[in-house]
>>> print(open('protein.tsv').read())   # TSV, C-alpha atoms
chain	number	residue	atom	x	y	z
V	208	MET	CA	51.95	126.21	109.13
V	209	ARG	CA	53.70	128.71	106.87
V	210	VAL	CA	55.83	127.03	104.18
V	211	LEU	CA	58.24	128.87	101.91
V	212	VAL	CA	58.93	127.29	98.50
V	213	PRO	CA	61.65	128.94	96.38
V	214	TYR	CA	60.54	129.15	92.74
V	215	ASP	CA	63.15	129.40	90.00
V	216	GLY	CA	60.85	129.06	87.00
V	217	GLY	CA	61.52	125.35	86.58
V	218	GLU	CA	59.21	122.37	86.80
V	219	LEU	CA	61.03	120.86	89.78
V	220	SER	CA	60.32	123.82	92.05
V	221	GLU	CA	56.61	123.67	91.16
V	222	GLN	CA	56.58	119.94	91.88
V	223	ALA	CA	58.30	120.60	95.21
V	224	ALA	CA	55.46	122.94	96.19
V	225	ILE	CA	52.83	120.35	95.27
V	226	MET	CA	54.67	117.59	97.13
V	227	ALA	CA	55.08	119.72	100.25
V	228	ILE	CA	51.34	120.44	100.23
V	229	GLU	CA	50.53	116.75	99.86
V	230	LEU	CA	52.97	115.68	102.58
V	231	LEU	CA	51.63	118.27	105.03
V	232	ALA	CA	47.96	117.95	104.06
V	233	HIS	CA	46.88	117.33	107.66
V	234	HIS	CA	47.98	120.85	108.59
V	235	SER	CA	46.44	124.20	107.82
V	236	LEU	CA	48.94	125.50	105.27
V	237	GLU	CA	49.99	128.84	103.90
V	238	VAL	CA	52.44	128.39	101.02
V	239	ILE	CA	54.58	131.27	99.77
V	240	LEU	CA	56.19	130.84	96.36
V	241	LEU	CA	59.27	133.03	96.46
V	242	HIS	CA	61.18	134.11	93.38
V	243	ALA	CA	64.54	135.78	94.00
V	244	ALA	CA	65.79	137.76	90.99
V	245	PRO	CA	69.18	139.44	90.48
V	246	ASP	CA	67.56	142.76	89.51
V	247	ALA	CA	64.21	144.47	88.97
V	248	GLN	CA	64.07	143.65	85.27
V	249	HIS	CA	64.47	139.92	85.88
V	250	ALA	CA	61.82	140.10	88.59
V	251	THR	CA	59.40	141.76	86.17
V	252	ASP	CA	60.15	139.23	83.43
V	253	ALA	CA	59.51	136.30	85.79
V	254	ARG	CA	56.34	137.67	87.35
V	255	ALA	CA	53.93	136.21	84.77
V	256	ALA	CA	55.33	132.68	85.24
V	257	LEU	CA	55.26	133.09	89.03
V	258	ASP	CA	51.63	134.23	88.97
V	259	ALA	CA	50.68	131.37	86.64
V	260	VAL	CA	52.12	128.67	88.89
V	261	THR	CA	50.51	130.33	91.90
V	262	VAL	CA	47.10	130.08	90.21
V	263	ARG	CA	47.70	126.41	89.32
V	264	ILE	CA	48.66	125.45	92.84
V	265	ALA	CA	45.95	127.62	94.42
V	266	GLY	CA	43.42	124.88	93.66
V	267	SER	CA	45.00	122.81	96.44
V	268	PRO	CA	43.82	122.81	100.09
V	269	ALA	CA	46.60	125.28	100.94
V	270	ALA	CA	46.43	129.06	100.78
V	271	VAL	CA	49.03	130.02	98.15
V	272	ARG	CA	50.56	133.39	97.39
V	273	ALA	CA	53.58	134.69	95.50
V	274	ALA	CA	56.43	136.92	96.59
V	275	SER	CA	59.43	138.42	94.81
V	276	MET	CA	62.79	139.56	96.17
V	277	ILE	CA	65.80	141.21	94.57
V	278	GLY	CA	69.16	139.69	95.43
V	279	ARG	CA	71.13	136.46	95.56
V	280	PRO	CA	68.64	133.57	95.82
V	281	ASP	CA	70.10	131.75	98.84
V	282	GLN	CA	70.43	134.96	100.84
V	283	GLU	CA	66.93	136.18	100.00
V	284	ILE	CA	65.33	132.81	100.76
V	285	VAL	CA	66.90	132.72	104.21
V	286	ARG	CA	66.20	136.39	104.84
V	287	TYR	CA	62.52	136.04	103.87
V	288	ALA	CA	62.11	132.96	106.10
V	289	ASP	CA	63.72	134.72	109.03
V	290	GLN	CA	61.73	137.94	108.70
V	291	ASN	CA	58.28	136.58	107.82
V	292	GLY	CA	57.55	133.92	110.40
V	293	VAL	CA	58.15	130.96	108.07
V	294	ASP	CA	57.98	127.55	109.78
V	295	LEU	CA	59.55	125.49	107.01
V	296	ILE	CA	61.41	125.89	103.71
V	297	ALA	CA	60.64	123.23	101.06
V	298	MET	CA	63.11	122.87	98.16
V	299	SER	CA	63.80	120.43	95.37
V	300	THR	CA	67.13	118.87	94.49
V	301	GLN	CA	68.44	118.82	90.97
V	302	GLY	CA	68.46	115.08	90.43
V	303	ARG	CA	71.89	114.29	88.98
V	304	PRO	CA	73.18	111.24	90.87
V	305	PHE	CA	76.41	111.11	88.91
V	306	LEU	CA	77.52	114.44	90.35
V	307	THR	CA	79.48	114.62	93.58
V	308	ARG	CA	76.96	117.19	94.82
V	309	MET	CA	73.40	116.53	93.74
V	310	LEU	CA	71.92	119.70	95.17
V	311	LEU	CA	70.15	122.46	93.27
V	312	GLY	CA	73.30	124.34	92.27
V	313	SER	CA	74.73	125.85	95.41
V	314	VAL	CA	71.39	127.35	96.44
V	315	THR	CA	69.88	124.39	98.30
V	316	ASP	CA	73.23	123.62	99.93
V	317	ARG	CA	73.62	127.20	101.17
V	318	VAL	CA	70.04	127.40	102.39
V	319	ILE	CA	70.46	124.16	104.35
V	320	ARG	CA	73.62	125.49	105.97
V	321	THR	CA	72.25	128.89	106.92
V	322	SER	CA	68.49	128.57	107.33
V	323	PRO	CA	67.05	129.57	110.71
V	324	VAL	CA	64.13	127.15	110.12
V	325	PRO	CA	63.97	123.47	109.08
V	326	VAL	CA	64.51	122.73	105.39
V	327	LEU	CA	62.45	120.02	103.68
V	328	VAL	CA	64.46	118.60	100.77
V	329	LEU	CA	62.51	116.86	98.01
V	330	HIS	CA	63.74	115.06	94.90
V	331	PRO	CA	60.86	115.08	92.36
V	332	PRO	CA	62.54	112.79	89.78
V	333	THR	CA	62.51	109.90	92.28
V	334	MET	CA	59.34	110.86	94.19
V	335	SER	CA	55.79	110.98	92.92
V	336	VAL	CA	53.01	113.03	94.46
V	337	ASP	CA	51.28	109.79	95.49
V	338	SER	CA	54.40	108.50	97.23
V	339	VAL	CA	54.70	111.57	99.47
V	340	SER	CA	51.00	111.78	100.32
V	341	PRO	CA	50.14	109.90	103.55
V	342	PRO	CA	46.82	108.04	103.34
V	343	ALA	CA	43.89	109.92	104.85
V	344	GLY	CA	43.62	109.41	108.58
V	345	ARG	CA	47.14	108.03	109.01
V	346	LYS	CA	49.75	109.76	111.13
V	347	LEU	CA	52.96	111.03	109.56
V	348	LYS	CA	55.62	108.30	109.73
V	349	ILE	CA	58.99	109.85	110.58
V	350	LEU	CA	62.37	108.09	110.74
V	351	ALA	CA	64.80	110.03	112.96
V	352	PRO	CA	68.51	109.11	113.23
V	353	LEU	CA	70.26	109.64	116.58
V	354	ASP	CA	73.94	109.58	117.52
V	355	GLY	CA	73.77	110.24	121.24
V	356	SER	CA	74.36	113.99	120.95
V	357	PRO	CA	72.06	116.62	122.48
V	358	MET	CA	71.84	118.33	119.08
V	359	ALA	CA	70.49	115.22	117.39
V	360	GLU	CA	67.86	114.85	120.12
V	361	GLU	CA	66.98	118.52	119.88
V	362	ALA	CA	66.40	118.18	116.14
V	363	VAL	CA	63.94	115.33	116.75
V	364	ASP	CA	62.15	117.41	119.39
V	365	MET	CA	61.86	120.27	116.90
V	366	ALA	CA	60.50	117.99	114.16
V	367	VAL	CA	57.87	116.50	116.46
V	368	SER	CA	56.80	119.97	117.60
V	369	LEU	CA	56.59	121.19	114.00
V	370	PHE	CA	54.30	118.36	112.91
V	371	ARG	CA	52.51	118.11	116.29
V	372	PRO	CA	53.25	115.26	118.72
V	373	GLU	CA	49.87	113.57	118.46
V	374	ARG	CA	50.05	113.42	114.64
V	375	VAL	CA	53.40	111.65	114.44
V	376	ASP	CA	54.45	107.99	114.39
V	377	LEU	CA	58.16	108.26	115.16
V	378	THR	CA	60.94	105.71	114.84
V	379	LEU	CA	64.28	106.55	116.42
V	380	ILE	CA	67.18	104.80	114.74
V	381	THR	CA	70.89	104.48	115.28
V	382	THR	CA	73.46	102.32	113.52
V	383	VAL	CA	76.47	100.51	114.97
V	384	ALA	CA	79.47	98.87	113.37
V	385	SER	CA	79.49	95.89	115.73
V	386	PRO	CA	76.82	93.87	117.56
V	387	LEU	CA	78.91	94.43	120.70
V	388	LEU	CA	77.77	98.04	120.71
V	389	GLU	CA	74.07	97.30	120.39
V	390	GLY	CA	73.37	97.39	124.12
V	391	PHE	CA	74.99	100.77	124.47
V	392	ALA	CA	73.11	102.07	121.43
V	393	HIS	CA	69.76	101.30	123.06
V	394	ASP	CA	70.72	103.60	125.93
V	395	ILE	CA	70.73	106.51	123.46
V	396	PHE	CA	66.97	106.27	123.02
V	397	THR	CA	65.77	106.04	126.61
V	398	ASP	CA	65.32	109.63	127.77
V	399	LEU	CA	64.15	111.04	124.44
V	400	ALA	CA	61.63	108.23	123.82
V	401	THR	CA	60.18	108.65	127.32
V	402	ARG	CA	59.88	112.41	126.89
V	403	LEU	CA	58.20	112.19	123.49
V	404	ARG	CA	55.74	109.50	124.58
V	405	ALA	CA	54.70	111.78	127.42
V	406	ARG	CA	53.84	114.39	124.77
V	407	GLY	CA	51.54	111.95	122.96
V	408	THR	CA	53.90	110.71	120.24
V	409	HIS	CA	53.98	107.03	119.31
V	410	VAL	CA	57.67	106.05	119.45
V	411	LEU	CA	59.55	102.95	118.27
V	412	THR	CA	63.32	102.39	118.48
V	413	LEU	CA	65.67	100.56	116.13
V	414	VAL	CA	69.35	99.64	116.19
V	415	LYS	CA	70.80	98.60	112.83
V	416	HIS	CA	74.19	97.39	111.66
V	417	GLY	CA	75.95	98.78	108.64
V	418	GLU	CA	76.81	102.04	106.93
V	419	ALA	CA	74.51	104.69	108.40
V	420	ALA	CA	73.35	106.64	105.35
V	421	ASP	CA	72.66	103.62	103.13
V	422	GLU	CA	70.87	101.74	105.91
V	423	ILE	CA	68.68	104.71	106.83
V	424	ALA	CA	67.80	105.51	103.21
V	425	ARG	CA	66.98	101.86	102.48
V	426	LEU	CA	64.82	101.43	105.57
V	427	ALA	CA	62.91	104.64	104.86
V	428	VAL	CA	61.75	103.25	101.52
V	429	GLU	CA	61.19	99.62	102.47
V	430	ASP	CA	59.19	100.40	105.62
V	431	GLY	CA	57.12	103.16	104.04
V	432	TYR	CA	58.27	106.22	105.96
V	433	ASP	CA	56.97	109.59	104.86
V	434	LEU	CA	59.98	111.54	106.02
V	435	ILE	CA	63.52	111.35	107.42
V	436	ALA	CA	64.20	114.04	110.03
V	437	MET	CA	67.72	114.73	111.24
V	438	SER	CA	70.11	117.43	112.37
V	439	THR	CA	73.06	118.58	110.34
V	440	HIS	CA	75.61	117.64	112.96
V	441	GLY	CA	76.40	115.45	115.94
V	442	ARG	CA	79.41	115.56	118.24
V	443	ALA	CA	79.09	112.86	120.87
V	444	MET	CA	79.35	109.11	121.59
V	445	LEU	CA	78.97	107.79	118.07
V	446	ALA	CA	81.03	110.85	117.11
V	447	ARG	CA	79.64	112.10	113.84
V	448	ALA	CA	79.44	108.60	112.34
V	449	LEU	CA	75.71	109.18	111.97
V	450	LEU	CA	75.33	112.91	111.45
V	451	GLY	CA	77.40	115.42	109.49
V	452	SER	CA	78.62	113.74	106.33
V	453	THR	CA	75.82	111.21	106.74
V	454	THR	CA	73.17	113.91	106.57
V	455	ASP	CA	74.69	115.16	103.35
V	456	ARG	CA	74.67	111.69	101.82
V	457	ILE	CA	71.09	110.99	102.89
V	458	VAL	CA	69.95	114.29	101.36
V	459	ARG	CA	71.56	113.21	98.08
V	460	ILE	CA	70.38	109.58	97.91
V	461	SER	CA	67.06	109.48	99.76
V	462	LYS	CA	63.93	108.53	97.84
V	463	VAL	CA	61.74	110.01	100.58
V	464	PRO	CA	61.72	113.65	101.72
V	465	VAL	CA	64.41	114.68	104.20
V	466	LEU	CA	63.87	117.33	106.87
V	467	VAL	CA	67.19	118.96	107.80
V	468	ILE	CA	67.24	120.89	111.06
V	469	HIS	CA	69.76	123.22	112.68
V	470	PRO	CA	69.23	122.74	116.43
V	471	ALA	CA	69.22	125.89	118.52
V	472	SER	CA	72.18	124.53	120.50
V	473	MET	CA	74.32	124.97	117.40
V	474	GLN	CA	73.84	128.73	117.57
V	475	THR	CA	76.18	129.46	120.48
V	476	PRO	CA	77.51	133.00	119.95
V	477	HIS	CA	81.09	132.96	118.74
V	478	ASP	CA	83.48	135.15	116.82
V	479	PRO	CA	83.82	133.58	113.32
V	480	VAL	CA	87.16	135.32	112.78
V	481	SER	CA	88.91	134.20	115.97
V	482	GLY	CA	86.70	131.23	116.83
V	483	GLU	CA	86.25	132.49	120.40
V	484	GLU	CA	82.96	131.83	122.14
V	485	ILE	CA	81.25	135.00	123.30
V	486	HIS	CA	78.81	135.36	126.16
V	487	PRO	CA	75.69	137.08	124.78
V	488	ALA	CA	75.94	139.82	127.40
V	489	ALA	CA	79.50	140.58	126.30
V	490	THR	CA	78.79	140.84	122.58
V	491	ALA	CA	80.32	144.07	121.31
V	492	TYR	CA	79.75	143.96	117.54
V	493	THR	CA	77.42	142.07	115.22
V	494	SER	CA	76.81	141.55	111.49
V	495	GLU	CA	73.90	139.93	109.70
V	496	TYR	CA	74.60	137.47	106.90
V	497	HIS	CA	72.20	134.99	105.30
V	498	GLY	CA	69.62	135.93	107.90
V	499	ARG	CA	71.91	134.98	110.80
V	500	VAL	CA	73.55	137.30	113.30
V	501	TYR	CA	77.30	136.82	113.81
V	502	THR	CA	79.07	138.23	116.86
V	503	PHE	CA	82.57	139.65	117.24
V	504	THR	CA	84.95	140.46	120.05
V	505	SER	CA	86.35	143.49	118.22
V	506	LEU	CA	85.51	145.95	115.49
V	507	GLU	CA	88.53	144.73	113.52
V	508	HIS	CA	87.08	141.21	113.42
V	509	LYS	CA	83.72	142.55	112.29
V	510	GLN	CA	85.36	144.48	109.46
V	511	GLN	CA	87.32	141.40	108.33
V	512	PHE	CA	84.15	139.33	108.30
V	513	ASP	CA	82.14	141.99	106.43
V	514	GLY	CA	84.80	142.06	103.72
V	515	THR	CA	84.69	138.32	102.92
V	516	PRO	CA	81.89	136.66	104.91
V	517	ASP	CA	81.79	133.50	102.79
V	518	ALA	CA	85.41	132.72	103.64
V	519	PHE	CA	84.76	132.78	107.37
V	520	VAL	CA	81.47	130.87	107.15
V	521	GLU	CA	83.11	128.11	105.10
V	522	ARG	CA	86.11	128.00	107.43
V	523	GLY	CA	83.85	127.73	110.45
V	524	ALA	CA	81.95	124.86	108.83
V	525	ALA	CA	85.17	122.98	108.15
V	526	THR	CA	86.60	123.44	111.65
V	527	GLY	CA	83.39	123.04	113.61
V	528	ASP	CA	83.68	126.60	114.99
V	529	GLY	CA	80.67	127.94	113.12
V	530	PRO	CA	77.39	127.04	111.45
V	531	VAL	CA	77.93	123.50	110.26
V	532	SER	CA	77.70	122.50	106.63
V	533	VAL	CA	75.88	119.35	105.64
V	534	ALA	CA	79.14	118.49	103.89
V	535	ASP	CA	80.95	118.43	107.23
V	536	GLY	CA	81.80	115.06	108.70
V	537	PHE	CA	84.66	112.65	109.08
V	538	ALA	CA	86.05	110.16	106.60
V	539	GLU	CA	84.26	106.87	106.19
V	540	GLY	CA	85.79	103.96	108.04
V	541	VAL	CA	87.13	105.86	111.06
V	542	GLU	CA	86.90	103.69	114.16
V	543	VAL	CA	84.61	105.04	116.86
V	544	ARG	CA	85.65	104.22	120.41
V	545	LEU	CA	82.90	104.21	122.97
V	546	PRO	CA	83.21	104.38	126.75
V	547	PRO	CA	82.43	101.18	128.68
V	548	ARG	CA	78.87	100.76	129.87
V	549	VAL	CA	78.29	101.29	133.55
>>> encode(input="protein.tsv", output="structure tokens")
Amino acid sequence: MRVLVPYDGGELSEQAAIMAIELLAHHSLEVILLHAAPDAQHATDARAALDAVTVRIAGSPAAVRAASMIGRPDQEIVRYADQNGVDLIAMSTQGRPFLTRMLLGSVTDRVIRTSPVPVLVLHPPTMSVDSVSPPAGRKLKILAPLDGSPMAEEAVDMAVSLFRPERVDLTLITTVASPLLEGFAHDIFTDLATRLRARGTHVLTLVKHGEAADEIARLAVEDGYDLIAMSTHGRAMLARALLGSTTDRIVRISKVPVLVIHPASMQTPHDPVSGEEIHPAATAYTSEYHGRVYTFTSLEHKQQFDGTPDAFVERGAATGDGPVSVADGFAEGVEVRLPPRV
């Protein structure tokens, strides 16, 4: 497994590398410490520190090497992952719970939104190396929230494939506001659980009552899970009550690592300027941004996007027409109406 760890010269990014190695110790690992500098001079100045931390971590079971890029950190991280066969990006959070956003500046947030590979988010101030290191011989315990959407299921499938089906003890969880919905909630698990068990994964299912993010984060700690794995968005049945804003909150409050996954089904070609879906065969113009390819129905739309790409990416996240931000989601307390069971 090839793991990319962005290194910014701080202690937290070094700890994130060590924790990722411990968490994934059952796999054959290649770890790349990537430093993204704004210019060549900064890259040269940071090289000694980058080499030093590489030597320190190289004593671990993983093969460790360093890499440097010139450019904006979030863009270079995503670009490197996309172009170098990276399986996973592991990043630390900043650890300031009193802030509205507790992510590592805007870098972790942007990487989560735009990464073509899963992003493992770690919070060293509330996690020790021992706490993220599964005991020898034990399978990786993963807690995976579902909301009934294909994208949520696809994210779980991707997580199981990444860590290998036979090496995972998986618990599928959903939360409901009322006990009256519990029977329906169990239906969410049926097909996915059957499919994963056929692949050799041990699967349990849970339905809990209460606020989704708090309940999931609490359970992950109390029941000794190694990891929470979830998609960044869900659009069905329980209608984003579990995923979207909930993913963002779990990333900020979780005391266990969180694996955030963009399912492939979220990558339907569309024009970010007009919002129109585009059949791949009819794509006329494209632009690359943050390692992703955006498609356009006209040259004019491509030129508008190229002028201010951030504006269109952020607008698409807010409207649901584009790559979805972990900040996307609906307001707490919105009633979710479910169809009657048949």
>>> residues_around(input="protein.tsv", residues="Leu236 of chain V", least_positions_apart="4", cutoff="8 Å", atoms="all atoms listed in the file", output="MDAnalysis selection string")
chainID V and resid 208:210 228 231:232 268:270
>>> residues_around(input="protein.tsv", residues="segment 247-251 of chain V", least_positions_apart="2", cutoff="7 Å", atoms="all atoms listed in the file", output="JSON, numbers by chain")
{"V": [244, 245, 253, 254, 275, 277]}
>>> closest_residue(input="protein.tsv", among="V:Ser220, V:Ser385, V:Thr454, V:Thr397", to="Glu360 of chain V", atoms="all atoms listed in the file")
V:Thr397
>>> residues_around(input="protein.tsv", residues="Ala384 of chain V", least_positions_apart="4", cutoff="8 Å", atoms="only C-alpha atoms", output="mmCIF file with C-alpha atoms, in the frame of the given file")
data_model
loop_
_atom_site.group_PDB
_atom_site.id
_atom_site.type_symbol
_atom_site.label_atom_id
_atom_site.label_comp_id
_atom_site.auth_asym_id
_atom_site.auth_seq_id
_atom_site.Cartn_x
_atom_site.Cartn_y
_atom_site.Cartn_z
ATOM 1 C CA LEU V 388 77.770 98.040 120.710
ATOM 2 C CA HIS V 416 74.190 97.390 111.660
ATOM 3 C CA GLY V 417 75.950 98.780 108.640
ATOM 4 C CA GLU V 418 76.810 102.040 106.930
#
>>> residues_around(input="protein.tsv", residues="Val428 of chain V", least_positions_apart="2", cutoff="12 Å", atoms="only C-alpha atoms", output="PDB file with C-alpha atoms, keeping the file's coordinate frame")
ATOM      1  CA  THR V 333      62.510 109.900  92.280  1.00  0.00           C
ATOM      2  CA  MET V 334      59.340 110.860  94.190  1.00  0.00           C
ATOM      3  CA  SER V 338      54.400 108.500  97.230  1.00  0.00           C
ATOM      4  CA  VAL V 339      54.700 111.570  99.470  1.00  0.00           C
ATOM      5  CA  LYS V 348      55.620 108.300 109.730  1.00  0.00           C
ATOM      6  CA  ILE V 349      58.990 109.850 110.580  1.00  0.00           C
ATOM      7  CA  LEU V 350      62.370 108.090 110.740  1.00  0.00           C
ATOM      8  CA  ASP V 421      72.660 103.620 103.130  1.00  0.00           C
ATOM      9  CA  GLU V 422      70.870 101.740 105.910  1.00  0.00           C
ATOM     10  CA  ILE V 423      68.680 104.710 106.830  1.00  0.00           C
ATOM     11  CA  ALA V 424      67.800 105.510 103.210  1.00  0.00           C
ATOM     12  CA  ARG V 425      66.980 101.860 102.480  1.00  0.00           C
ATOM     13  CA  LEU V 426      64.820 101.430 105.570  1.00  0.00           C
ATOM     14  CA  ASP V 430      59.190 100.400 105.620  1.00  0.00           C
ATOM     15  CA  GLY V 431      57.120 103.160 104.040  1.00  0.00           C
ATOM     16  CA  TYR V 432      58.270 106.220 105.960  1.00  0.00           C
ATOM     17  CA  ASP V 433      56.970 109.590 104.860  1.00  0.00           C
ATOM     18  CA  LEU V 434      59.980 111.540 106.020  1.00  0.00           C
ATOM     19  CA  ILE V 435      63.520 111.350 107.420  1.00  0.00           C
ATOM     20  CA  ILE V 460      70.380 109.580  97.910  1.00  0.00           C
ATOM     21  CA  SER V 461      67.060 109.480  99.760  1.00  0.00           C
ATOM     22  CA  LYS V 462      63.930 108.530  97.840  1.00  0.00           C
ATOM     23  CA  VAL V 463      61.740 110.010 100.580  1.00  0.00           C
ATOM     24  CA  PRO V 464      61.720 113.650 101.720  1.00  0.00           C
TER      25      PRO V 464
END
>>> atom_distance(input="protein.tsv", atom1="atom CA of Leu379 of chain V", atom2="atom CA of Phe396 of chain V")
7.1 Å
>>> closest_residue(input="protein.tsv", among="V:Ala420, V:Val375, V:Leu211, V:Leu257", to="Glu283 of chain V", atoms="only C-alpha atoms")
V:Leu211
>>> atom_distance(input="protein.tsv", atom1="atom CA of Ala351 of chain V", atom2="atom CA of Pro331 of chain V")
21.6 Å
>>> residues_around(input="protein.tsv", residues="Arg406 of chain V", least_positions_apart="6", cutoff="10 Å", atoms="all atoms listed in the file", output="PDB file with C-alpha atoms, keeping the file's coordinate frame")
ATOM      1  CA  VAL V 367      57.870 116.500 116.460  1.00  0.00           C
ATOM      2  CA  SER V 368      56.800 119.970 117.600  1.00  0.00           C
ATOM      3  CA  ARG V 371      52.510 118.110 116.290  1.00  0.00           C
ATOM      4  CA  PRO V 372      53.250 115.260 118.720  1.00  0.00           C
ATOM      5  CA  GLU V 373      49.870 113.570 118.460  1.00  0.00           C
ATOM      6  CA  ALA V 400      61.630 108.230 123.820  1.00  0.00           C
TER       7      ALA V 400
END
>>> closest_residue(input="protein.tsv", among="V:Val363, V:Ile485, V:Val271, V:Ala227", to="His330 of chain V", atoms="only C-alpha atoms")
V:Ala227
>>> closest_residue(input="protein.tsv", among="V:Thr300, V:Gln222, V:Ser322, V:Thr453", to="Ala419 of chain V", atoms="all atoms listed in the file")
V:Thr453
>>> atom_distance(input="protein.tsv", atom1="atom CA of Met276 of chain V", atom2="atom CA of Asp246 of chain V")
8.8 Å
>>> closest_residue(input="protein.tsv", among="V:Ala243, V:Leu466, V:Asp478, V:Ala392", to="Ile319 of chain V", atoms="all atoms listed in the file")
V:Leu466
>>> closest_residue(input="protein.tsv", among="V:His477, V:Arg279, V:His242, V:Arg317", to="Gly217 of chain V", atoms="all atoms listed in the file")
V:His242
